[in-house]
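File shown here: entry.txt, holding compact mmCIF, N, CA and C atoms.
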# COMPACT_ATOMS: atom_id res chain seq x y z
N MET Y 259 99.58 119.69 57.53
CA MET Y 259 100.28 118.43 57.52
C MET Y 259 101.63 118.60 58.21
N LEU Y 260 101.95 117.68 59.10
CA LEU Y 260 103.22 117.74 59.80
C LEU Y 260 104.34 117.25 58.89
N ILE Y 261 105.48 117.93 58.99
CA ILE Y 261 106.63 117.59 58.15
C ILE Y 261 107.85 117.41 59.04
N ALA Y 262 108.58 116.29 58.82
CA ALA Y 262 109.83 116.05 59.55
C ALA Y 262 110.96 116.75 58.81
N LYS Y 263 111.80 117.43 59.55
CA LYS Y 263 112.94 118.14 58.96
C LYS Y 263 114.24 117.64 59.57
N ASN Y 264 115.37 117.93 58.93
CA ASN Y 264 116.73 117.56 59.32
C ASN Y 264 117.03 116.11 58.96
N ASP Y 265 118.16 115.58 59.48
CA ASP Y 265 118.59 114.24 59.09
C ASP Y 265 117.88 113.15 59.91
N ALA Y 266 118.20 111.88 59.60
CA ALA Y 266 117.50 110.74 60.18
C ALA Y 266 117.58 110.69 61.70
N TYR Y 267 118.70 111.12 62.29
CA TYR Y 267 118.87 110.98 63.74
C TYR Y 267 118.62 112.27 64.50
N HIS Y 268 118.34 113.34 63.81
CA HIS Y 268 118.07 114.62 64.48
C HIS Y 268 116.82 115.26 63.88
N LYS Y 269 115.81 114.44 63.67
CA LYS Y 269 114.57 114.94 63.07
C LYS Y 269 113.83 115.82 64.06
N GLN Y 270 113.19 116.81 63.48
CA GLN Y 270 112.33 117.70 64.25
C GLN Y 270 111.06 117.88 63.44
N LEU Y 271 109.94 118.02 64.11
CA LEU Y 271 108.68 118.21 63.40
C LEU Y 271 108.38 119.69 63.25
N ASP Y 272 107.94 120.03 62.06
CA ASP Y 272 107.54 121.39 61.74
C ASP Y 272 106.01 121.46 61.85
N PHE Y 273 105.52 122.30 62.75
CA PHE Y 273 104.09 122.42 62.99
C PHE Y 273 103.47 123.63 62.28
N ALA Y 274 104.24 124.30 61.41
CA ALA Y 274 103.74 125.49 60.74
C ALA Y 274 102.49 125.19 59.90
N ASP Y 275 102.45 124.02 59.26
CA ASP Y 275 101.31 123.67 58.41
C ASP Y 275 100.48 122.54 59.01
N ALA Y 276 100.48 122.43 60.35
CA ALA Y 276 99.71 121.37 61.02
C ALA Y 276 98.23 121.51 60.71
N GLU Y 277 97.56 120.37 60.70
CA GLU Y 277 96.13 120.34 60.45
C GLU Y 277 95.44 119.58 61.58
N ILE Y 278 94.21 119.93 61.86
CA ILE Y 278 93.45 119.21 62.88
C ILE Y 278 93.36 117.74 62.46
N GLY Y 279 93.66 116.86 63.41
CA GLY Y 279 93.63 115.42 63.13
C GLY Y 279 95.01 114.83 62.86
N ASP Y 280 96.03 115.68 62.65
CA ASP Y 280 97.40 115.16 62.47
C ASP Y 280 97.81 114.40 63.72
N VAL Y 281 98.51 113.28 63.52
CA VAL Y 281 98.93 112.43 64.64
C VAL Y 281 100.45 112.37 64.66
N PHE Y 282 101.03 112.44 65.86
CA PHE Y 282 102.48 112.33 66.03
C PHE Y 282 102.76 111.72 67.39
N TRP Y 283 104.00 111.34 67.60
CA TRP Y 283 104.42 110.69 68.85
C TRP Y 283 105.50 111.54 69.52
N VAL Y 284 105.42 111.64 70.83
CA VAL Y 284 106.42 112.36 71.62
C VAL Y 284 107.18 111.34 72.47
N VAL Y 285 108.50 111.38 72.37
CA VAL Y 285 109.35 110.50 73.17
C VAL Y 285 109.86 111.31 74.36
N GLU Y 286 109.54 110.83 75.57
CA GLU Y 286 109.95 111.52 76.80
C GLU Y 286 111.18 110.82 77.36
N HIS Y 287 112.22 111.60 77.64
CA HIS Y 287 113.48 111.07 78.16
C HIS Y 287 113.66 111.41 79.63
N VAL Y 288 114.41 110.57 80.33
CA VAL Y 288 114.83 110.89 81.69
C VAL Y 288 115.84 112.04 81.54
N PRO Y 289 115.71 113.12 82.32
CA PRO Y 289 116.63 114.26 82.17
C PRO Y 289 118.10 113.85 82.27
N TYR Y 290 118.90 114.41 81.38
CA TYR Y 290 120.35 114.19 81.32
C TYR Y 290 120.70 112.71 81.13
N SER Y 291 119.88 112.01 80.38
CA SER Y 291 120.09 110.59 80.16
C SER Y 291 119.53 110.22 78.78
N GLY Y 292 120.00 109.13 78.26
CA GLY Y 292 119.47 108.62 77.00
C GLY Y 292 118.31 107.66 77.23
N THR Y 293 117.91 107.50 78.49
CA THR Y 293 116.86 106.55 78.84
C THR Y 293 115.49 107.11 78.49
N ILE Y 294 114.68 106.30 77.83
CA ILE Y 294 113.33 106.70 77.46
C ILE Y 294 112.40 106.35 78.61
N LYS Y 295 111.62 107.34 79.06
CA LYS Y 295 110.69 107.05 80.15
C LYS Y 295 109.25 106.95 79.66
N GLY Y 296 108.99 107.35 78.43
CA GLY Y 296 107.64 107.24 77.92
C GLY Y 296 107.53 107.59 76.45
N VAL Y 297 106.50 107.06 75.82
CA VAL Y 297 106.18 107.36 74.44
C VAL Y 297 104.68 107.65 74.41
N GLN Y 298 104.32 108.85 73.98
CA GLN Y 298 102.92 109.28 73.98
C GLN Y 298 102.46 109.63 72.57
N LYS Y 299 101.27 109.18 72.23
CA LYS Y 299 100.66 109.52 70.95
C LYS Y 299 99.78 110.76 71.15
N TYR Y 300 99.95 111.75 70.27
CA TYR Y 300 99.18 113.00 70.35
C TYR Y 300 98.44 113.24 69.03
N THR Y 301 97.32 113.91 69.14
CA THR Y 301 96.55 114.32 67.97
C THR Y 301 96.32 115.82 68.04
N VAL Y 302 96.50 116.50 66.91
CA VAL Y 302 96.26 117.95 66.84
C VAL Y 302 94.74 118.16 66.93
N THR Y 303 94.32 118.97 67.92
CA THR Y 303 92.88 119.20 68.14
C THR Y 303 92.44 120.62 67.83
N GLU Y 304 93.39 121.56 67.85
CA GLU Y 304 93.03 122.96 67.62
C GLU Y 304 94.25 123.70 67.07
N ILE Y 305 94.00 124.63 66.16
CA ILE Y 305 95.09 125.42 65.60
C ILE Y 305 94.77 126.90 65.81
N ARG Y 306 95.69 127.58 66.47
CA ARG Y 306 95.56 129.02 66.69
C ARG Y 306 96.63 129.71 65.85
N SER Y 307 96.65 131.02 65.88
CA SER Y 307 97.60 131.75 65.03
C SER Y 307 99.06 131.42 65.37
N LYS Y 308 99.39 131.30 66.66
CA LYS Y 308 100.77 131.03 67.06
C LYS Y 308 100.96 129.69 67.75
N LEU Y 309 99.87 128.99 68.06
CA LEU Y 309 99.96 127.73 68.81
C LEU Y 309 99.21 126.61 68.12
N VAL Y 310 99.68 125.39 68.38
CA VAL Y 310 98.96 124.18 67.99
C VAL Y 310 98.62 123.48 69.29
N ILE Y 311 97.35 123.17 69.50
CA ILE Y 311 96.90 122.50 70.72
C ILE Y 311 96.70 121.02 70.38
N CYS Y 312 97.30 120.16 71.21
CA CYS Y 312 97.25 118.72 70.97
C CYS Y 312 96.76 118.02 72.22
N LEU Y 313 96.27 116.81 72.05
CA LEU Y 313 95.78 116.00 73.16
C LEU Y 313 96.30 114.59 73.01
N SER Y 314 96.82 114.03 74.12
CA SER Y 314 97.34 112.66 74.09
C SER Y 314 96.20 111.67 74.26
N GLU Y 315 96.52 110.39 74.09
CA GLU Y 315 95.53 109.33 74.30
C GLU Y 315 95.04 109.33 75.74
N LEU Y 316 95.87 109.82 76.66
CA LEU Y 316 95.51 109.86 78.08
C LEU Y 316 94.90 111.21 78.46
N ALA Y 317 94.48 111.98 77.46
CA ALA Y 317 93.86 113.30 77.65
C ALA Y 317 94.82 114.33 78.24
N LYS Y 318 96.10 114.15 78.01
CA LYS Y 318 97.11 115.10 78.48
C LYS Y 318 97.28 116.18 77.39
N PRO Y 319 97.02 117.46 77.72
CA PRO Y 319 97.14 118.52 76.72
C PRO Y 319 98.60 118.92 76.46
N LEU Y 320 98.85 119.40 75.27
CA LEU Y 320 100.18 119.85 74.88
C LEU Y 320 100.03 121.06 73.97
N LYS Y 321 100.72 122.15 74.30
CA LYS Y 321 100.73 123.35 73.46
C LYS Y 321 102.08 123.46 72.79
N ILE Y 322 102.07 123.67 71.49
CA ILE Y 322 103.31 123.75 70.71
C ILE Y 322 103.29 125.02 69.88
N LYS Y 323 104.41 125.75 69.88
CA LYS Y 323 104.51 126.94 69.04
C LYS Y 323 104.61 126.51 67.58
N ARG Y 324 103.85 127.15 66.73
CA ARG Y 324 103.86 126.81 65.30
C ARG Y 324 105.18 127.19 64.64
N SER Y 325 105.86 128.18 65.19
CA SER Y 325 107.06 128.71 64.55
C SER Y 325 108.34 127.96 64.91
N THR Y 326 108.28 127.05 65.89
CA THR Y 326 109.49 126.38 66.38
C THR Y 326 109.48 124.91 65.98
N LEU Y 327 110.62 124.42 65.47
CA LEU Y 327 110.75 122.99 65.18
C LEU Y 327 110.79 122.24 66.51
N GLN Y 328 110.08 121.13 66.60
CA GLN Y 328 109.96 120.38 67.85
C GLN Y 328 110.83 119.13 67.85
N GLU Y 329 111.68 119.02 68.87
CA GLU Y 329 112.51 117.83 69.05
C GLU Y 329 111.71 116.75 69.75
N ASN Y 330 112.15 115.51 69.63
CA ASN Y 330 111.55 114.35 70.27
C ASN Y 330 110.11 114.10 69.84
N CYS Y 331 109.75 114.61 68.68
CA CYS Y 331 108.43 114.37 68.09
C CYS Y 331 108.64 113.62 66.78
N TYR Y 332 107.85 112.58 66.58
CA TYR Y 332 108.05 111.72 65.41
C TYR Y 332 106.72 111.38 64.75
N LEU Y 333 106.79 111.18 63.44
CA LEU Y 333 105.64 110.65 62.72
C LEU Y 333 105.66 109.14 62.84
N GLU Y 334 104.50 108.52 62.77
CA GLU Y 334 104.40 107.08 63.01
C GLU Y 334 105.16 106.25 61.99
N ASN Y 335 105.27 106.72 60.76
CA ASN Y 335 105.94 105.94 59.71
C ASN Y 335 107.46 106.14 59.66
N ASP Y 336 108.01 106.84 60.62
CA ASP Y 336 109.45 107.09 60.68
C ASP Y 336 110.18 105.82 61.16
N PRO Y 337 111.11 105.26 60.37
CA PRO Y 337 111.80 104.03 60.79
C PRO Y 337 112.63 104.21 62.06
N TYR Y 338 113.20 105.38 62.28
CA TYR Y 338 113.96 105.64 63.50
C TYR Y 338 113.02 105.59 64.71
N PHE Y 339 111.82 106.16 64.58
CA PHE Y 339 110.85 106.10 65.66
C PHE Y 339 110.41 104.66 65.91
N ALA Y 340 110.24 103.87 64.87
CA ALA Y 340 109.85 102.46 65.03
C ALA Y 340 110.87 101.73 65.89
N ASP Y 341 112.15 102.02 65.67
CA ASP Y 341 113.21 101.41 66.48
C ASP Y 341 113.14 101.88 67.93
N ILE Y 342 112.91 103.17 68.13
CA ILE Y 342 112.78 103.73 69.49
C ILE Y 342 111.60 103.07 70.21
N GLN Y 343 110.47 102.97 69.52
CA GLN Y 343 109.27 102.41 70.13
C GLN Y 343 109.46 100.93 70.49
N LYS Y 344 110.10 100.18 69.60
CA LYS Y 344 110.36 98.76 69.87
C LYS Y 344 111.27 98.59 71.09
N THR Y 345 112.33 99.40 71.14
CA THR Y 345 113.25 99.35 72.28
C THR Y 345 112.53 99.68 73.58
N PHE Y 346 111.69 100.70 73.56
CA PHE Y 346 110.94 101.10 74.76
C PHE Y 346 109.99 100.00 75.20
N GLU Y 347 109.28 99.38 74.25
CA GLU Y 347 108.34 98.32 74.60
C GLU Y 347 109.05 97.13 75.24
N ILE Y 348 110.19 96.73 74.66
CA ILE Y 348 110.95 95.61 75.21
C ILE Y 348 111.47 95.94 76.60
N SER Y 349 112.04 97.13 76.77
CA SER Y 349 112.58 97.48 78.09
C SER Y 349 111.48 97.59 79.13
N SER Y 350 110.29 98.03 78.74
CA SER Y 350 109.16 98.09 79.68
C SER Y 350 108.75 96.68 80.10
N GLN Y 351 108.72 95.76 79.14
CA GLN Y 351 108.38 94.37 79.46
C GLN Y 351 109.43 93.74 80.37
N VAL Y 352 110.70 94.03 80.10
CA VAL Y 352 111.78 93.49 80.93
C VAL Y 352 111.64 93.98 82.36
N GLU Y 353 111.36 95.27 82.55
CA GLU Y 353 111.19 95.81 83.90
C GLU Y 353 110.00 95.16 84.61
N TRP Y 354 108.93 94.91 83.87
CA TRP Y 354 107.75 94.26 84.44
C TRP Y 354 108.10 92.83 84.87
N VAL Y 355 108.84 92.09 84.03
CA VAL Y 355 109.25 90.72 84.37
C VAL Y 355 110.18 90.73 85.58
N ARG Y 356 111.10 91.68 85.65
CA ARG Y 356 111.99 91.77 86.81
C ARG Y 356 111.20 91.93 88.11
N ARG Y 357 110.19 92.80 88.07
CA ARG Y 357 109.36 93.00 89.27
C ARG Y 357 108.62 91.70 89.63
N LEU Y 358 108.11 91.00 88.62
CA LEU Y 358 107.42 89.74 88.89
C LEU Y 358 108.35 88.73 89.56
N ILE Y 359 109.57 88.63 89.05
CA ILE Y 359 110.53 87.68 89.61
C ILE Y 359 110.87 88.03 91.05
N LYS Y 360 111.07 89.33 91.31
CA LYS Y 360 111.41 89.75 92.67
C LYS Y 360 110.27 89.48 93.66
N GLU Y 361 109.04 89.50 93.18
CA GLU Y 361 107.88 89.30 94.06
C GLU Y 361 107.67 87.85 94.46
N HIS Y 362 108.32 86.90 93.79
CA HIS Y 362 108.08 85.49 94.04
C HIS Y 362 109.27 84.80 94.70
N GLU Y 363 108.95 83.77 95.45
CA GLU Y 363 109.97 82.93 96.07
C GLU Y 363 110.56 82.01 95.00
N SER Y 364 111.79 81.55 95.20
CA SER Y 364 112.42 80.67 94.21
C SER Y 364 111.65 79.36 94.05
N ARG Y 365 110.94 78.93 95.05
CA ARG Y 365 110.16 77.68 94.93
C ARG Y 365 108.96 77.84 93.99
N ASP Y 366 108.59 79.09 93.68
CA ASP Y 366 107.47 79.34 92.76
C ASP Y 366 107.83 79.08 91.30
N PHE Y 367 109.11 79.00 91.00
CA PHE Y 367 109.54 78.82 89.61
C PHE Y 367 109.66 77.34 89.28
N ASP Y 368 109.25 76.98 88.07
CA ASP Y 368 109.39 75.59 87.64
C ASP Y 368 110.50 75.48 86.60
N GLN Y 369 110.75 74.28 86.13
CA GLN Y 369 111.85 74.04 85.20
C GLN Y 369 111.65 74.76 83.87
N GLU Y 370 110.42 74.95 83.46
CA GLU Y 370 110.14 75.65 82.20
C GLU Y 370 110.66 77.08 82.24
N VAL Y 371 110.48 77.75 83.36
CA VAL Y 371 110.97 79.13 83.52
C VAL Y 371 112.49 79.14 83.49
N VAL Y 372 113.10 78.24 84.23
CA VAL Y 372 114.56 78.17 84.28
C VAL Y 372 115.13 77.88 82.89
N ASP Y 373 114.52 76.92 82.16
CA ASP Y 373 114.99 76.59 80.81
C ASP Y 373 114.87 77.78 79.86
N ALA Y 374 113.79 78.54 79.98
CA ALA Y 374 113.59 79.71 79.11
C ALA Y 374 114.66 80.76 79.37
N VAL Y 375 114.97 81.02 80.63
CA VAL Y 375 115.99 82.01 80.98
C VAL Y 375 117.37 81.55 80.51
N LEU Y 376 117.68 80.28 80.69
CA LEU Y 376 118.97 79.75 80.24
C LEU Y 376 119.10 79.78 78.71
N ALA Y 377 118.01 79.50 78.01
CA ALA Y 377 118.03 79.57 76.54
C ALA Y 377 118.26 81.00 76.08
N TRP Y 378 117.62 81.96 76.76
CA TRP Y 378 117.84 83.36 76.44
C TRP Y 378 119.30 83.74 76.69
N GLN Y 379 119.87 83.29 77.80
CA GLN Y 379 121.26 83.60 78.12
C GLN Y 379 122.20 83.06 77.05
N ARG Y 380 121.93 81.86 76.55
CA ARG Y 380 122.77 81.28 75.47
C ARG Y 380 122.69 82.14 74.20
N ARG Y 381 121.50 82.62 73.87
CA ARG Y 381 121.35 83.48 72.68
C ARG Y 381 122.12 84.78 72.84
N VAL Y 382 122.10 85.34 74.04
CA VAL Y 382 122.85 86.58 74.31
C VAL Y 382 124.34 86.33 74.14
N GLU Y 383 124.83 85.23 74.69
CA GLU Y 383 126.26 84.90 74.59
C GLU Y 383 126.67 84.68 73.14
N MET Y 384 125.82 84.03 72.36
CA MET Y 384 126.13 83.78 70.93
C MET Y 384 126.21 85.09 70.16
N ARG Y 385 125.34 86.05 70.49
CA ARG Y 385 125.37 87.35 69.80
C ARG Y 385 126.64 88.12 70.14
N ARG Y 386 127.17 87.95 71.32
CA ARG Y 386 128.37 88.66 71.75
C ARG Y 386 129.63 88.14 71.05
N GLU Y 387 129.58 86.88 70.61
CA GLU Y 387 130.78 86.28 69.98
C GLU Y 387 130.97 86.75 68.57

What do you get writing this file as structure tokens?
Amino acid sequence: MLIAKNDAYHKQLDFADAEIGDVFWVVEHVPYSGTIKGVQKYTVTEIRSKLVICLSELAKPLKIKRSTLQENCYLENDPYFADIQKTFEISSQVEWVRRLIKEHESRDFDQEVVDAVLAWQRRVEMRRE
């Protein structure tokens, strides 16, 4: 069973007692930045004497030393991870919308789109006050 150690903002997963089928999430950061570039779900598939072998949903393998606490690994029920995942999902959607907007001419937008963006801008301004 995977166990989270340390405080709420510096949690690390202990893989010493990992079991086949344990599930955890890895948060990938842009180097030297606080920007999240990906969130991957992994499942423990094999346990060796010194290593834990894991596989992501995209079939990406990961080898982890059993003796070392792992940073940027979270259990699904961790409230801090829930916040990280929500932030990543929203920022991914925002980037997707930005690309959509850039791909279209201004004549492609109707009043409904403009009203939605202006309503969002008003909510942002109200939060800042």

Atom C of Ser291 (chain Y) to atom N of Glu329 (chain Y) measures 15.4 Å

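Distance-wise, atom C of Ile305 (chain Y) and atom C of Asp336 (chain Y) end up 26.5 Å apart.
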
Among region 262-369 of chain Y, which residues carry a DSSP assignment of strand (DSSP E), reported as a ChimeraX atom specification? /Y:262-263,270-272,281-287,294-305,309-314,319-323,331-332

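Counting only C-alpha atoms and comparing Y:Lys308, Y:Glu383, Y:Arg324, Y:Val375, the residue that lies closest to Asp275 (chain Y) is Y:Arg324.
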
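For the pair CA of Glu286 (chain Y) and CA of Ser325 (chain Y), the separation is 21.3 Å.
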
Who sits within 8 Å of Asp280 (chain Y), all atoms listed in the file, same chain under 3 positions skipped, as number ranges by chain: Y: 259-260, 276-277, 283, 300-303

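Of the listed residues (Y:Asp272, Y:Asp366, Y:Glu304, Y:Glu361), Y:Asp272 comes nearest to Asn330 (chain Y); the distances count only C-alpha atoms.
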
Which neighbours of Gln328 (chain Y) fall inside 12 Å, counting only C-alpha atoms, when residues of the same chain fewer than 2 positions from it are skipped, and could you give them as a PyMOL selection string? chain Y and resi 260-264+268-274+282-285+310+321-326+330-333

Could you pull out the helix (DSSP H, G or I) residues of region 282-359 of chain Y, going by DSSP on the backbone, and write them as an mmCIF file with N, CA and C atoms, keeping the file's coordinate frame?
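Contents of out-v6.cif, freshly written:
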data_model
loop_
_atom_site.group_PDB
_atom_site.id
_atom_site.type_symbol
_atom_site.label_atom_id
_atom_site.label_comp_id
_atom_site.auth_asym_id
_atom_site.auth_seq_id
_atom_site.Cartn_x
_atom_site.Cartn_y
_atom_site.Cartn_z
ATOM 1 N N PRO Y 337 111.110 105.260 60.370
ATOM 2 C CA PRO Y 337 111.800 104.030 60.790
ATOM 3 C C PRO Y 337 112.630 104.210 62.060
ATOM 4 N N TYR Y 338 113.200 105.380 62.280
ATOM 5 C CA TYR Y 338 113.960 105.640 63.500
ATOM 6 C C TYR Y 338 113.020 105.590 64.710
ATOM 7 N N PHE Y 339 111.820 106.160 64.580
ATOM 8 C CA PHE Y 339 110.850 106.100 65.660
ATOM 9 C C PHE Y 339 110.410 104.660 65.910
ATOM 10 N N ALA Y 340 110.240 103.870 64.870
ATOM 11 C CA ALA Y 340 109.850 102.460 65.030
ATOM 12 C C ALA Y 340 110.870 101.730 65.890
ATOM 13 N N ASP Y 341 112.150 102.020 65.670
ATOM 14 C CA ASP Y 341 113.210 101.410 66.480
ATOM 15 C C ASP Y 341 113.140 101.880 67.930
ATOM 16 N N ILE Y 342 112.910 103.170 68.130
ATOM 17 C CA ILE Y 342 112.780 103.730 69.490
ATOM 18 C C ILE Y 342 111.600 103.070 70.210
ATOM 19 N N GLN Y 343 110.470 102.970 69.520
ATOM 20 C CA GLN Y 343 109.270 102.410 70.130
ATOM 21 C C GLN Y 343 109.460 100.930 70.490
ATOM 22 N N LYS Y 344 110.100 100.180 69.600
ATOM 23 C CA LYS Y 344 110.360 98.760 69.870
ATOM 24 C C LYS Y 344 111.270 98.590 71.090
ATOM 25 N N THR Y 345 112.330 99.400 71.140
ATOM 26 C CA THR Y 345 113.250 99.350 72.280
ATOM 27 C C THR Y 345 112.530 99.680 73.580
ATOM 28 N N PHE Y 346 111.690 100.700 73.560
ATOM 29 C CA PHE Y 346 110.940 101.100 74.760
ATOM 30 C C PHE Y 346 109.990 100.000 75.200
ATOM 31 N N GLU Y 347 109.280 99.380 74.250
ATOM 32 C CA GLU Y 347 108.340 98.320 74.600
ATOM 33 C C GLU Y 347 109.050 97.130 75.240
ATOM 34 N N ILE Y 348 110.190 96.730 74.660
ATOM 35 C CA ILE Y 348 110.950 95.610 75.210
ATOM 36 C C ILE Y 348 111.470 95.940 76.600
ATOM 37 N N SER Y 349 112.040 97.130 76.770
ATOM 38 C CA SER Y 349 112.580 97.480 78.090
ATOM 39 C C SER Y 349 111.480 97.590 79.130
ATOM 40 N N SER Y 350 110.290 98.030 78.740
ATOM 41 C CA SER Y 350 109.160 98.090 79.680
ATOM 42 C C SER Y 350 108.750 96.680 80.100
ATOM 43 N N GLN Y 351 108.720 95.760 79.140
ATOM 44 C CA GLN Y 351 108.380 94.370 79.460
ATOM 45 C C GLN Y 351 109.430 93.740 80.370
ATOM 46 N N VAL Y 352 110.700 94.030 80.100
ATOM 47 C CA VAL Y 352 111.780 93.490 80.930
ATOM 48 C C VAL Y 352 111.640 93.980 82.360
ATOM 49 N N GLU Y 353 111.360 95.270 82.550
ATOM 50 C CA GLU Y 353 111.190 95.810 83.900
ATOM 51 C C GLU Y 353 110.000 95.160 84.610
ATOM 52 N N TRP Y 354 108.930 94.910 83.870
ATOM 53 C CA TRP Y 354 107.750 94.260 84.440
ATOM 54 C C TRP Y 354 108.100 92.830 84.870
ATOM 55 N N VAL Y 355 108.840 92.090 84.030
ATOM 56 C CA VAL Y 355 109.250 90.720 84.370
ATOM 57 C C VAL Y 355 110.180 90.730 85.580
ATOM 58 N N ARG Y 356 111.100 91.680 85.650
ATOM 59 C CA ARG Y 356 111.990 91.770 86.810
ATOM 60 C C ARG Y 356 111.200 91.930 88.110
ATOM 61 N N ARG Y 357 110.190 92.800 88.070
ATOM 62 C CA ARG Y 357 109.360 93.000 89.270
ATOM 63 C C ARG Y 357 108.620 91.700 89.630
ATOM 64 N N LEU Y 358 108.110 91.000 88.620
ATOM 65 C CA LEU Y 358 107.420 89.740 88.890
ATOM 66 C C LEU Y 358 108.350 88.730 89.560
ATOM 67 N N ILE Y 359 109.570 88.630 89.050
ATOM 68 C CA ILE Y 359 110.530 87.680 89.610
ATOM 69 C C ILE Y 359 110.870 88.030 91.050
#

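Closest to Asp265 (chain Y) among Y:Arg356, Y:Asp373, Y:Tyr338, Y:Phe346 is Y:Tyr338, based on only C-alpha atoms.
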
Kindly list the centre and edge lengths in Å, rounded to one decimal, for the axis-aligned box that covers all listed atoms of region 370-376 of chain Y plus 4 Å on each of its six sides, as lines of an AutoDock Vina configuration file.
center_x = 114.6
center_y = 78.5
center_z = 81.5
size_x = 17.0
size_y = 15.1
size_z = 13.6
